[in-house]
file query_19.pdb (PDB, C-alpha atoms)
ATOM      1  CA  MET A  10       9.680  -3.004 -13.742
ATOM      2  CA  LEU A  11       8.858  -3.677 -10.111
ATOM      3  CA  LYS A  12      11.259  -3.040  -7.260
ATOM      4  CA  PRO A  13      13.038  -6.272  -6.298
ATOM      5  CA  SER A  14      11.246  -6.325  -2.974
ATOM      6  CA  ALA A  15       7.568  -6.127  -2.202
ATOM      7  CA  MET A  16       6.460  -4.847   1.183
ATOM      8  CA  VAL A  17       4.446  -6.757   3.775
ATOM      9  CA  GLU A  18       2.792  -4.535   6.365
ATOM     10  CA  LEU A  19       1.276  -6.028   9.498
ATOM     11  CA  VAL A  20      -0.896  -3.473  11.301
ATOM     12  CA  TRP A  21      -1.199  -3.814  15.076
ATOM     13  CA  GLN A  22      -3.595  -2.129  17.487
ATOM     14  CA  ASP A  23      -2.906  -1.578  21.168
ATOM     15  CA  GLU A  24      -5.265  -1.224  24.120
ATOM     16  CA  THR A  25      -5.797   2.492  23.433
ATOM     17  CA  GLY A  26      -6.807   1.904  19.823
ATOM     18  CA  SER A  27      -3.535   3.303  18.472
ATOM     19  CA  THR A  28      -1.972   1.438  15.573
ATOM     20  CA  ALA A  29       1.552   0.742  14.364
ATOM     21  CA  VAL A  30       3.031  -1.273  11.538
ATOM     22  CA  THR A  31       5.630  -4.017  11.199
ATOM     23  CA  GLN A  32       7.176  -3.697   7.728
ATOM     24  CA  LEU A  33       9.034  -6.547   6.064
ATOM     25  CA  ASN A  34      10.595  -6.958   2.636
ATOM     26  CA  ILE A  35      10.005  -9.993   0.483
ATOM     27  CA  PRO A  36      10.956 -10.734  -3.152
ATOM     28  CA  SER A  37       8.463  -9.187  -5.557
ATOM     29  CA  SER A  38       8.867 -12.200  -7.825
ATOM     30  CA  LEU A  39       6.550 -14.103  -5.477
ATOM     31  CA  THR A  40       2.795 -14.186  -6.046
ATOM     32  CA  VAL A  41       0.305 -12.600  -3.681
ATOM     33  CA  ASP A  42      -0.682 -16.057  -2.419
ATOM     34  CA  GLU A  43       2.939 -16.980  -1.710
ATOM     35  CA  ILE A  44       3.591 -13.731   0.126
ATOM     36  CA  ASP A  45       0.322 -14.093   1.994
ATOM     37  CA  ALA A  46       1.390 -17.540   3.226
ATOM     38  CA  ASN A  47       4.713 -16.120   4.472
ATOM     39  CA  ALA A  48       2.980 -13.221   6.199
ATOM     40  CA  THR A  49       0.420 -15.428   7.878
ATOM     41  CA  ALA A  50       3.071 -17.826   9.162
ATOM     42  CA  LEU A  51       5.278 -15.017  10.475
ATOM     43  CA  ALA A  52       2.327 -13.262  12.108
ATOM     44  CA  SER A  53       1.579 -16.399  14.113
ATOM     45  CA  ILE A  54       5.123 -16.199  15.522
ATOM     46  CA  LEU A  55       4.900 -12.453  16.214
ATOM     47  CA  VAL A  56       1.561 -12.582  18.042
ATOM     48  CA  PRO A  57       3.025 -13.980  21.302
ATOM     49  CA  LEU A  58       5.733 -11.276  21.196
ATOM     50  CA  THR A  59       3.356  -8.332  21.320
ATOM     51  CA  GLY A  60       0.574  -7.087  23.542
ATOM     52  CA  ALA A  61      -1.108  -5.516  20.523
ATOM     53  CA  THR A  62      -3.479  -7.368  18.256
ATOM     54  CA  LEU A  63      -3.177  -7.882  14.498
ATOM     55  CA  ILE A  64      -5.939  -6.033  12.645
ATOM     56  CA  LYS A  65      -4.746  -5.746   9.057
ATOM     57  CA  GLN A  66      -2.258  -7.071   6.539
ATOM     58  CA  ARG A  67      -1.136  -5.308   3.381
ATOM     59  CA  ILE A  68       0.990  -6.630   0.523
ATOM     60  CA  LYS A  69       2.404  -3.848  -1.608
ATOM     61  CA  TYR A  70       4.305  -4.060  -4.895
ATOM     62  CA  THR A  71       5.964  -0.848  -6.050
ATOM     63  CA  LYS A  72       7.291   0.187  -9.428
ATOM     64  CA  ALA A  73      11.011   0.820  -9.485
ATOM     65  CA  PRO A  74      11.813   4.532  -9.647
ATOM     66  CA  GLU A  75      12.883   5.985 -12.958
ATOM     67  CA  PRO A  76      14.535   9.342 -13.612
ATOM     68  CA  LEU A  77      11.937  11.947 -12.758
ATOM     69  CA  SER A  78      10.520  13.782 -15.731
ATOM     70  CA  PRO A  79       9.406  17.399 -15.373
ATOM     71  CA  ALA A  80       5.719  18.250 -15.254
ATOM     72  CA  SER A  81       4.779  19.857 -18.562
ATOM     73  CA  ASP A  82       3.290  23.137 -17.376
ATOM     74  CA  SER A  83       1.776  24.923 -14.420
ATOM     75  CA  THR A  84      -1.537  23.053 -14.232
ATOM     76  CA  PRO A  85      -1.990  22.428 -10.482
ATOM     77  CA  ILE A  86      -2.355  18.884  -9.185
ATOM     78  CA  THR A  87      -5.595  19.985  -7.505
ATOM     79  CA  ARG A  88      -7.401  20.518 -10.819
ATOM     80  CA  THR A  89      -8.588  16.981 -11.323
ATOM     81  CA  GLY A  90     -10.713  15.173 -13.856
ATOM     82  CA  ALA A  91     -13.377  12.862 -12.442
ATOM     83  CA  PHE A  92     -14.217   9.984 -14.761
ATOM     84  CA  PHE A  93     -17.429   8.070 -13.983
ATOM     85  CA  PHE A  94     -17.735   4.512 -15.269
ATOM     86  CA  THR A  95     -20.950   2.499 -15.044
ATOM     87  CA  THR A  96     -20.662  -0.936 -13.440
ATOM     88  CA  GLY A  97     -24.227  -2.229 -13.836
ATOM     89  CA  ASP A  98     -27.824  -1.279 -13.106
ATOM     90  CA  ASP A  99     -27.709  -1.987  -9.377
ATOM     91  CA  THR A 100     -24.066  -1.354  -8.559
ATOM     92  CA  PRO A 101     -22.275   1.904  -7.799
ATOM     93  CA  ASP A 102     -20.316   3.728 -10.473
ATOM     94  CA  ALA A 103     -16.533   3.637 -10.372
ATOM     95  CA  VAL A 104     -14.983   7.089 -10.074
ATOM     96  CA  ILE A 105     -11.417   7.541 -11.288
ATOM     97  CA  ILE A 106      -9.661  10.792 -10.496
ATOM     98  CA  VAL A 107      -6.886  12.117 -12.735
ATOM     99  CA  PRO A 108      -4.867  15.053 -11.336
ATOM    100  CA  ALA A 109      -3.818  18.101 -13.397
ATOM    101  CA  VAL A 110      -6.008  17.338 -16.406
ATOM    102  CA  LYS A 111      -4.951  18.911 -19.687
ATOM    103  CA  ASP A 112      -6.946  21.786 -21.199
ATOM    104  CA  SER A 113      -6.884  19.945 -24.501
ATOM    105  CA  ILE A 114      -9.384  17.305 -23.318
ATOM    106  CA  LEU A 115     -12.002  19.782 -22.061
ATOM    107  CA  ASP A 116     -15.241  20.558 -23.851
ATOM    108  CA  THR A 117     -15.208  23.862 -25.691
ATOM    109  CA  THR A 118     -18.908  24.170 -26.495
ATOM    110  CA  PHE A 119     -21.923  25.261 -24.438
ATOM    111  CA  PRO A 120     -23.094  24.126 -21.901
ATOM    112  CA  ARG A 121     -20.048  22.085 -20.728
ATOM    113  CA  ALA A 122     -17.335  24.412 -21.958
ATOM    114  CA  GLY A 123     -14.435  24.648 -19.537
ATOM    115  CA  TYR A 124     -15.571  22.036 -17.019
ATOM    116  CA  GLY A 125     -16.873  19.058 -18.977
ATOM    117  CA  ILE A 126     -14.381  16.559 -20.350
ATOM    118  CA  ASP A 127     -14.839  15.787 -24.041
ATOM    119  CA  LEU A 128     -15.898  12.141 -24.144
ATOM    120  CA  SER A 129     -15.218  12.035 -27.867
ATOM    121  CA  ASN A 130     -11.574  13.097 -27.450
ATOM    122  CA  SER A 131      -9.323  10.351 -28.787
ATOM    123  CA  ASP A 132      -7.077  10.300 -25.681
ATOM    124  CA  VAL A 133     -10.140  10.034 -23.455
ATOM    125  CA  ILE A 134     -11.536   7.206 -25.565
ATOM    126  CA  THR A 135      -8.196   5.379 -25.393
ATOM    127  CA  PHE A 136      -8.112   5.735 -21.612
ATOM    128  CA  ALA A 137     -11.734   4.573 -21.259
ATOM    129  CA  ASP A 138     -11.094   1.553 -23.471
ATOM    130  CA  ILE A 139      -8.100   0.518 -21.369
ATOM    131  CA  VAL A 140     -10.154   0.801 -18.184
ATOM    132  CA  THR A 141     -13.118  -1.160 -19.503
ATOM    133  CA  LEU A 142     -11.145  -3.903 -21.253
ATOM    134  CA  ASN A 143      -8.593  -4.719 -18.549
ATOM    135  CA  GLY A 144     -10.553  -5.747 -15.463
ATOM    136  CA  VAL A 145     -10.589  -2.421 -13.611
ATOM    137  CA  SER A 146     -13.500  -2.339 -11.153
ATOM    138  CA  ASN A 147     -15.162  -0.175  -8.537
ATOM    139  CA  VAL A 148     -14.150  -0.634  -4.903
ATOM    140  CA  PHE A 149     -16.625  -3.517  -4.552
ATOM    141  CA  GLY A 150     -15.157  -5.500  -7.437
ATOM    142  CA  ASP A 151     -17.841  -4.702 -10.046
ATOM    143  CA  ASP A 152     -16.234  -4.390 -13.484
ATOM    144  CA  CYS A 153     -16.138  -0.966 -15.122
ATOM    145  CA  GLY A 154     -18.430  -0.638 -18.120
ATOM    146  CA  THR A 155     -18.830   2.438 -20.290
ATOM    147  CA  LEU A 156     -17.517   5.887 -19.446
ATOM    148  CA  ASN A 157     -20.712   7.647 -18.412
ATOM    149  CA  ASP A 158     -19.464  11.169 -17.755
ATOM    150  CA  ALA A 159     -16.355  13.108 -16.882
ATOM    151  CA  TYR A 160     -15.775  16.631 -15.663
ATOM    152  CA  VAL A 161     -13.310  18.833 -13.859
ATOM    153  CA  GLN A 162     -13.260  18.970 -10.054
ATOM    154  CA  SER A 163     -11.168  21.264  -7.931
ATOM    155  CA  ARG A 164      -9.664  19.391  -4.981
ATOM    156  CA  VAL A 165      -8.183  22.330  -3.088
TER     157      VAL A 165
ATOM    158  CA  MET B 173     -11.070 -14.860  13.847
ATOM    159  CA  SER B 174      -9.272 -14.567  10.560
ATOM    160  CA  LEU B 175      -7.887 -12.137   8.035
ATOM    161  CA  VAL B 176     -10.394 -11.571   5.253
ATOM    162  CA  ASN B 177      -9.456  -9.957   1.953
ATOM    163  CA  LEU B 178     -11.227  -6.841   0.713
ATOM    164  CA  PRO B 179     -13.256  -7.318  -2.509
ATOM    165  CA  THR B 180     -10.607  -5.459  -4.492
ATOM    166  CA  GLY B 181      -6.934  -4.686  -4.625
ATOM    167  CA  GLN B 182      -5.733  -1.167  -5.337
ATOM    168  CA  LEU B 183      -3.518   0.316  -8.015
ATOM    169  CA  LYS B 184      -2.270   3.801  -7.096
ATOM    170  CA  ILE B 185      -0.556   5.859  -9.796
ATOM    171  CA  ASP B 186       1.457   8.806  -8.451
ATOM    172  CA  TYR B 187       1.931  12.212 -10.063
ATOM    173  CA  ARG B 188       3.872  15.408  -9.448
ATOM    174  CA  ASP B 189       3.004  18.828 -10.843
ATOM    175  CA  ALA B 190       5.359  21.681 -11.750
ATOM    176  CA  SER B 191       5.226  23.039  -8.186
ATOM    177  CA  GLY B 192       6.295  19.672  -6.771
ATOM    178  CA  SER B 193       2.863  18.950  -5.306
ATOM    179  CA  LYS B 194       1.819  15.324  -5.504
ATOM    180  CA  GLY B 195      -1.412  13.600  -6.412
ATOM    181  CA  SER B 196      -2.623  10.165  -7.387
ATOM    182  CA  THR B 197      -5.176   8.158  -9.310
ATOM    183  CA  ILE B 198      -6.685   5.115  -7.608
ATOM    184  CA  PHE B 199      -7.906   2.123  -9.589
ATOM    185  CA  HIS B 200      -9.476  -1.007  -8.139
ATOM    186  CA  PHE B 201      -9.397  -4.543  -9.468
ATOM    187  CA  PRO B 202     -10.873  -7.830  -8.218
ATOM    188  CA  TYR B 203      -8.717  -9.215  -5.404
ATOM    189  CA  ALA B 204      -8.050 -12.472  -7.256
ATOM    190  CA  THR B 205      -6.319 -10.625 -10.123
ATOM    191  CA  LEU B 206      -2.673 -11.671 -10.334
ATOM    192  CA  ALA B 207      -0.123  -8.957  -9.542
ATOM    193  CA  SER B 208       1.658  -9.692 -12.820
ATOM    194  CA  VAL B 209      -1.555  -8.893 -14.705
ATOM    195  CA  VAL B 210      -2.040  -5.665 -12.745
ATOM    196  CA  VAL B 211       1.554  -4.615 -13.517
ATOM    197  CA  THR B 212       0.883  -5.017 -17.238
ATOM    198  CA  VAL B 213      -2.318  -2.978 -17.016
ATOM    199  CA  ALA B 214      -0.612  -0.363 -14.822
ATOM    200  CA  ASP B 215       2.036   0.232 -17.476
ATOM    201  CA  ILE B 216      -0.635   0.648 -20.164
ATOM    202  CA  LEU B 217      -2.738   2.926 -17.964
ATOM    203  CA  SER B 218       0.280   5.066 -17.051
ATOM    204  CA  ALA B 219       0.956   5.684 -20.731
ATOM    205  CA  ALA B 220      -2.685   6.561 -21.406
ATOM    206  CA  LEU B 221      -2.837   8.884 -18.406
ATOM    207  CA  ASN B 222       0.197  10.765 -19.669
ATOM    208  CA  ALA B 223      -2.004  11.993 -22.501
ATOM    209  CA  LEU B 224      -4.655  13.292 -20.090
ATOM    210  CA  THR B 225      -2.570  15.059 -17.470
ATOM    211  CA  ASP B 226      -0.054  17.890 -17.379
ATOM    212  CA  ALA B 227       1.532  16.356 -14.285
ATOM    213  CA  ALA B 228       4.399  13.889 -14.511
ATOM    214  CA  VAL B 229       3.669  10.252 -13.707
ATOM    215  CA  ASP B 230       6.207   9.203 -11.077
ATOM    216  CA  GLY B 231       5.322   5.548 -10.615
ATOM    217  CA  TYR B 232       2.759   3.280  -9.033
ATOM    218  CA  SER B 233       2.075   0.806  -6.257
ATOM    219  CA  ILE B 234      -0.228  -2.210  -6.110
ATOM    220  CA  THR B 235      -1.724  -3.142  -2.749
ATOM    221  CA  TYR B 236      -3.650  -6.204  -1.577
ATOM    222  CA  THR B 237      -5.262  -5.740   1.845
ATOM    223  CA  LYS B 238      -6.781  -8.150   4.336
ATOM    224  CA  THR B 239      -8.522  -7.126   7.538
ATOM    225  CA  GLU B 240      -9.179  -9.102  10.705
ATOM    226  CA  ASP B 241     -12.902  -9.823  10.941
ATOM    227  CA  THR B 242     -12.920 -10.312  14.725
ATOM    228  CA  PRO B 243      -9.747  -8.820  16.232
ATOM    229  CA  ALA B 244      -8.501 -10.218  19.523
ATOM    230  CA  THR B 245      -8.489  -7.970  22.585
ATOM    231  CA  PRO B 246      -5.119  -6.222  23.068
ATOM    232  CA  THR B 247      -3.289  -6.847  26.329
ATOM    233  CA  ALA B 248      -4.094  -4.354  29.089
ATOM    234  CA  GLY B 249      -1.463  -1.636  29.179
ATOM    235  CA  SER B 250      -0.119  -2.398  25.710
ATOM    236  CA  ARG B 251       1.249   0.642  23.866
ATOM    237  CA  VAL B 252       2.401   0.673  20.245
ATOM    238  CA  GLU B 253       4.920   3.412  21.078
ATOM    239  CA  GLU B 254       6.970   0.704  22.835
ATOM    240  CA  LYS B 255       8.878  -1.061  20.071
ATOM    241  CA  GLY B 256      10.922  -4.185  19.869
ATOM    242  CA  ASN B 257      13.646  -3.456  17.309
ATOM    243  CA  PHE B 258      15.186  -6.423  15.508
ATOM    244  CA  ILE B 259      18.290  -5.655  13.428
ATOM    245  CA  TRP B 260      19.360  -8.449  11.114
ATOM    246  CA  ARG B 261      22.595  -9.147   9.227
ATOM    247  CA  THR B 262      22.115  -9.899   5.533
ATOM    248  CA  SER B 263      24.161 -12.009   3.130
ATOM    249  CA  ASN B 264      25.686  -8.945   1.436
ATOM    250  CA  GLY B 265      27.080  -7.681   4.735
ATOM    251  CA  ARG B 266      24.454  -5.026   5.267
ATOM    252  CA  THR B 267      21.603  -4.910   7.750
ATOM    253  CA  THR B 268      17.842  -4.845   7.649
ATOM    254  CA  LYS B 269      15.357  -4.131  10.396
ATOM    255  CA  PHE B 270      11.789  -4.616  11.459
ATOM    256  CA  THR B 271       9.976  -3.605  14.594
ATOM    257  CA  ILE B 272       7.337  -5.261  16.739
ATOM    258  CA  PRO B 273       5.012  -2.710  18.357
ATOM    259  CA  ALA B 274       3.956  -3.220  21.990
ATOM    260  CA  ILE B 275       6.718  -5.754  22.596
ATOM    261  CA  VAL B 276       5.887  -7.915  25.618
ATOM    262  CA  ASP B 277       7.872  -7.299  28.805
ATOM    263  CA  SER B 278       8.638 -10.996  29.253
ATOM    264  CA  VAL B 279      11.257 -10.942  26.470
ATOM    265  CA  LEU B 280      13.108  -7.876  27.799
ATOM    266  CA  ASN B 281      16.287  -7.762  29.842
ATOM    267  CA  PRO B 282      16.491  -5.151  32.647
ATOM    268  CA  SER B 283      18.718  -3.013  30.370
ATOM    269  CA  GLY B 284      16.063  -2.802  27.688
ATOM    270  CA  SER B 285      17.787  -5.201  25.353
ATOM    271  CA  ILE B 286      15.802  -8.165  24.137
ATOM    272  CA  ASP B 287      16.686 -11.553  25.629
ATOM    273  CA  LYS B 288      18.011 -13.463  22.627
ATOM    274  CA  ALA B 289      17.809 -16.708  24.601
ATOM    275  CA  ASN B 290      14.106 -16.321  25.250
ATOM    276  CA  ALA B 291      12.117 -19.138  23.676
ATOM    277  CA  LEU B 292       9.770 -16.790  21.815
ATOM    278  CA  VAL B 293      12.717 -14.834  20.404
ATOM    279  CA  LEU B 294      14.543 -18.012  19.441
ATOM    280  CA  ALA B 295      11.434 -19.190  17.615
ATOM    281  CA  LEU B 296      11.327 -15.896  15.708
ATOM    282  CA  VAL B 297      15.028 -16.039  14.832
ATOM    283  CA  ASP B 298      14.796 -19.659  13.713
ATOM    284  CA  ALA B 299      11.806 -18.872  11.541
ATOM    285  CA  VAL B 300      13.350 -15.820   9.907
ATOM    286  CA  ILE B 301      16.803 -17.293   9.330
ATOM    287  CA  ALA B 302      16.413 -21.037   9.026
ATOM    288  CA  GLY B 303      12.732 -21.350   8.253
ATOM    289  CA  ASP B 304      11.005 -21.422   4.936
ATOM    290  CA  PHE B 305      10.195 -17.734   4.982
ATOM    291  CA  ALA B 306      11.194 -15.640   1.987
ATOM    292  CA  PHE B 307      11.638 -12.375   3.862
ATOM    293  CA  ALA B 308      14.760 -10.459   2.849
ATOM    294  CA  SER B 309      16.255  -6.994   2.917
ATOM    295  CA  ALA B 310      14.998  -4.239   0.620
ATOM    296  CA  ASP B 311      17.732  -5.078  -1.908
ATOM    297  CA  GLY B 312      16.723  -8.741  -1.893
ATOM    298  CA  SER B 313      19.595 -10.108   0.203
ATOM    299  CA  ASP B 314      18.909 -13.068   2.466
ATOM    300  CA  ILE B 315      18.677 -12.533   6.209
ATOM    301  CA  THR B 316      21.451 -14.537   7.866
ATOM    302  CA  ALA B 317      21.647 -13.618  11.561
ATOM    303  CA  LEU B 318      20.097 -11.543  14.312
ATOM    304  CA  LEU B 319      22.569  -8.711  14.995
ATOM    305  CA  GLU B 320      20.841  -6.588  17.646
ATOM    306  CA  ALA B 321      17.503  -6.552  19.411
ATOM    307  CA  TYR B 322      16.344  -3.912  21.838
ATOM    308  CA  GLN B 323      13.390  -2.008  23.169
ATOM    309  CA  SER B 324      12.830   1.615  22.225
ATOM    310  CA  PHE B 325      10.042   4.142  22.558
ATOM    311  CA  ARG B 326       8.793   6.533  19.948
ATOM    312  CA  ARG B 327       7.068   9.781  20.802
ATOM    313  CA  SER B 328       3.306   9.545  21.286
ATOM    314  CA  THR B 329       1.211  11.410  18.796
ATOM    315  CA  LYS B 330      -1.455  13.790  20.115
ATOM    316  CA  GLY B 331      -4.125  11.261  19.276
ATOM    317  CA  GLU B 332      -2.335   8.629  21.354
ATOM    318  CA  LEU B 333      -2.324  10.704  24.554
ATOM    319  CA  PRO B 334      -4.802   9.658  27.279
ATOM    320  CA  SER B 335      -8.237  11.159  26.696
ATOM    321  CA  ASP B 336      -8.744  11.756  30.438
ATOM    322  CA  ARG B 337      -5.524  13.722  30.938
TER     323      ARG B 337
END

call {"tool": "encode", "arguments": {"input": "query_19.pdb", "output": "structure tokens"}}
result
Amino acid sequence: MLKPSAMVELVWQDETGSTAVTQLNIPSSLTVDEIDANATALASILVPLTGATLIKQRIKYTKAPEPLSPASDSTPITRTGAFFFTTGDDTPDAVIIVPAVKDSILDTTFPRAGYGIDLSNSDVITFADIVTLNGVSNVFGDDCGTLNDAYVQSRV
Amino acid sequence: MSLVNLPTGQLKIDYRDASGSKGSTIFHFPYATLASVVVTVADILSAALNALTDAAVDGYSITYTKTEDTPATPTAGSRVEEKGNFIWRTSNGRTTKFTIPAIVDSVLNPSGSIDKANALVLALVDAVIAGDFAFASADGSDITALLEAYQSFRRSTKGELPSDR
């Protein structure tokens, strides 16, 4: 469930290049287009009140907090799994980083033992299917295709 | 001069490991994707990620960003450290606040309070309270009145200090 309020952030830049943000709450039941219309209209009223200039607008929905569950063991957050999805012949791959990857999804056979992620693992296949079937894309909006490779990266 | 959306929105799923350190997974989706659709996918992805990570999934946020393609030139001498603070009364008797960086001097009283009779301020108040805007407090309560408005200054960060000092 989402928090009852979404956040609108208007980012302003002053003469020195420094930036600051005006944050406003708005019901999360509204669509992005509806919130965008509110933000645009309010920004037009704020512009004469500031010497800074508007450079960016963000609309952010946040999931409501739930009771925190404990992390299952001591795997550090910096041991990540990098999952590479193809997006087409001429478009960049999408890279999805998962922190604290489980030992149970790692390859155990040469030559990828210990660093390669087992692409035939059922949990990995489930994850890849969800990514490819639900409109996830790379940063340019190209849809994710097949999971091409995955391996462990340390992000210390 | 207009705000232009990025090609994609962003879904950020947050984690916490046993030491309390935090991390995240970033997904992108075409900007036109409805937030309600992304929420559904985010819940499914969170469950699937639980099977891949030893960290605990704490929650997620969904962000749609637009950037100004040709920003206007800021006013000479404008500084974002100088804030206009607007404190609003809400329908449940609480307050909510937003700030306007680099507030213009023309709306300030000599004391540093903001002139509530100034035409620009009146236009803002009318728009927030009586207008068609849906802005509210964090708990969803309607904004009903302007309670206080004043100038304040926050400390400059090192990066905001003059380069020729």

call {"tool": "atom_distance", "arguments": {"input": "query_19.pdb", "atom1": "CA of Val293 (chain B)", "atom2": "CA of Pro243 (chain B)"}}
result
23.6 Å

call {"tool": "closest_residue", "arguments": {"input": "query_19.pdb", "among": "B:His200, B:Arg261, B:Lys330, B:Lys288", "to": "chain A", "atoms": "all atoms listed in the file"}}
result
B:His200

call {"tool": "residues_near_point", "arguments": {"input": "query_19.pdb", "point": "(11.0, 9.3, -12.0)", "cutoff": "12 Å", "atoms": "only C-alpha atoms", "output": "list in words"}}
result
Lys72, Ala73, Pro74, Glu75, Pro76, Leu77, Ser78, Pro79 and Ala80 of chain A; Asp186, Tyr187, Arg188, Ala228, Val229, Asp230, Gly231 and Tyr232 of chain B

call {"tool": "closest_residue", "arguments": {"input": "query_19.pdb", "among": "A:Glu43, A:Glu18, A:Asp98, A:Asp23", "to": "chain B", "atoms": "only C-alpha atoms"}}
result
A:Asp23

call {"tool": "resolve_selection", "arguments": {"input": "query_19.pdb", "expression": "the PyMOL selection byres ((chain A and resi 19) around 10)", "output": "ChimeraX atom specification"}}
result
/A:16-18,20-21,29-33,48-49,51-52,55,63-68 /B:238,272

call {"tool": "closest_residue", "arguments": {"input": "query_19.pdb", "among": "A:Asp151, A:Gly60, A:Lys111, A:Ala103", "to": "Thr84 (chain A)", "atoms": "all atoms listed in the file"}}
result
A:Lys111

call {"tool": "resolve_selection", "arguments": {"input": "query_19.pdb", "expression": "the PyMOL selection byres ((chain A and resi 113-118) around 10)", "output": "VMD selection string"}}
result
(chain A and resid 90 110 to 112 119 to 133 159 to 161) or (chain B and resid 223 to 225)

call {"tool": "residues_around", "arguments": {"input": "query_19.pdb", "residues": "Ala248 (chain B)", "least_positions_apart": "4", "cutoff": "12 Å", "atoms": "all atoms listed in the file", "output": "VMD selection string"}}
result
(chain A and resid 22 to 26 59 to 62) or (chain B and resid 274 276)

call {"tool": "closest_residue", "arguments": {"input": "query_19.pdb", "among": "B:Gln182, B:Tyr203, B:Ser233, B:Gly192", "to": "chain A", "atoms": "all atoms listed in the file"}}
result
B:Ser233

call {"tool": "resolve_selection", "arguments": {"input": "query_19.pdb", "expression": "the PyMOL selection byres ((chain A and resi 36) around 12)", "output": "PyMOL selection string"}}
result
(chain A and resi 11-17+33-35+37-41+43-44+47+68-71) or (chain B and resi 305-314)

call {"tool": "decode", "arguments": {"input": "query_19.pdb", "residues": "region 41-54 of chain A", "atoms": "N, CA and C atoms", "output": "compact mmCIF listing (two decimals), in the first residue's frame"}}
result
# COMPACT_ATOMS: atom_id res chain seq x y z
N VAL A 41 -0.20 10.42 -12.11
CA VAL A 41 0.98 11.26 -12.39
C VAL A 41 0.56 12.50 -13.17
N ASP A 42 -0.32 12.32 -14.15
CA ASP A 42 -0.75 13.47 -14.96
C ASP A 42 -1.47 14.50 -14.11
N GLU A 43 -2.30 14.04 -13.18
CA GLU A 43 -3.03 14.98 -12.32
C GLU A 43 -2.07 15.74 -11.40
N ILE A 44 -1.12 15.01 -10.85
CA ILE A 44 -0.14 15.66 -9.96
C ILE A 44 0.72 16.62 -10.76
N ASP A 45 1.09 16.19 -11.95
CA ASP A 45 1.91 17.03 -12.82
C ASP A 45 1.21 18.36 -13.11
N ALA A 46 -0.09 18.30 -13.36
CA ALA A 46 -0.85 19.52 -13.64
C ALA A 46 -0.85 20.45 -12.43
N ASN A 47 -1.02 19.88 -11.23
CA ASN A 47 -0.96 20.68 -10.00
C ASN A 47 0.41 21.32 -9.82
N ALA A 48 1.45 20.53 -10.05
CA ALA A 48 2.82 21.02 -9.86
C ALA A 48 3.14 22.14 -10.84
N THR A 49 2.73 21.95 -12.07
CA THR A 49 3.01 22.96 -13.09
C THR A 49 2.30 24.27 -12.76
N ALA A 50 1.05 24.17 -12.33
CA ALA A 50 0.28 25.37 -12.01
C ALA A 50 0.87 26.08 -10.79
N LEU A 51 1.25 25.32 -9.77
CA LEU A 51 1.84 25.94 -8.59
C LEU A 51 3.20 26.57 -8.93
N ALA A 52 3.98 25.88 -9.73
CA ALA A 52 5.31 26.41 -10.08
C ALA A 52 5.17 27.77 -10.75
N SER A 53 4.15 27.95 -11.56
CA SER A 53 3.98 29.25 -12.24
C SER A 53 3.70 30.36 -11.24
N ILE A 54 3.12 30.01 -10.08
CA ILE A 54 2.87 31.01 -9.04
C ILE A 54 4.13 31.23 -8.21
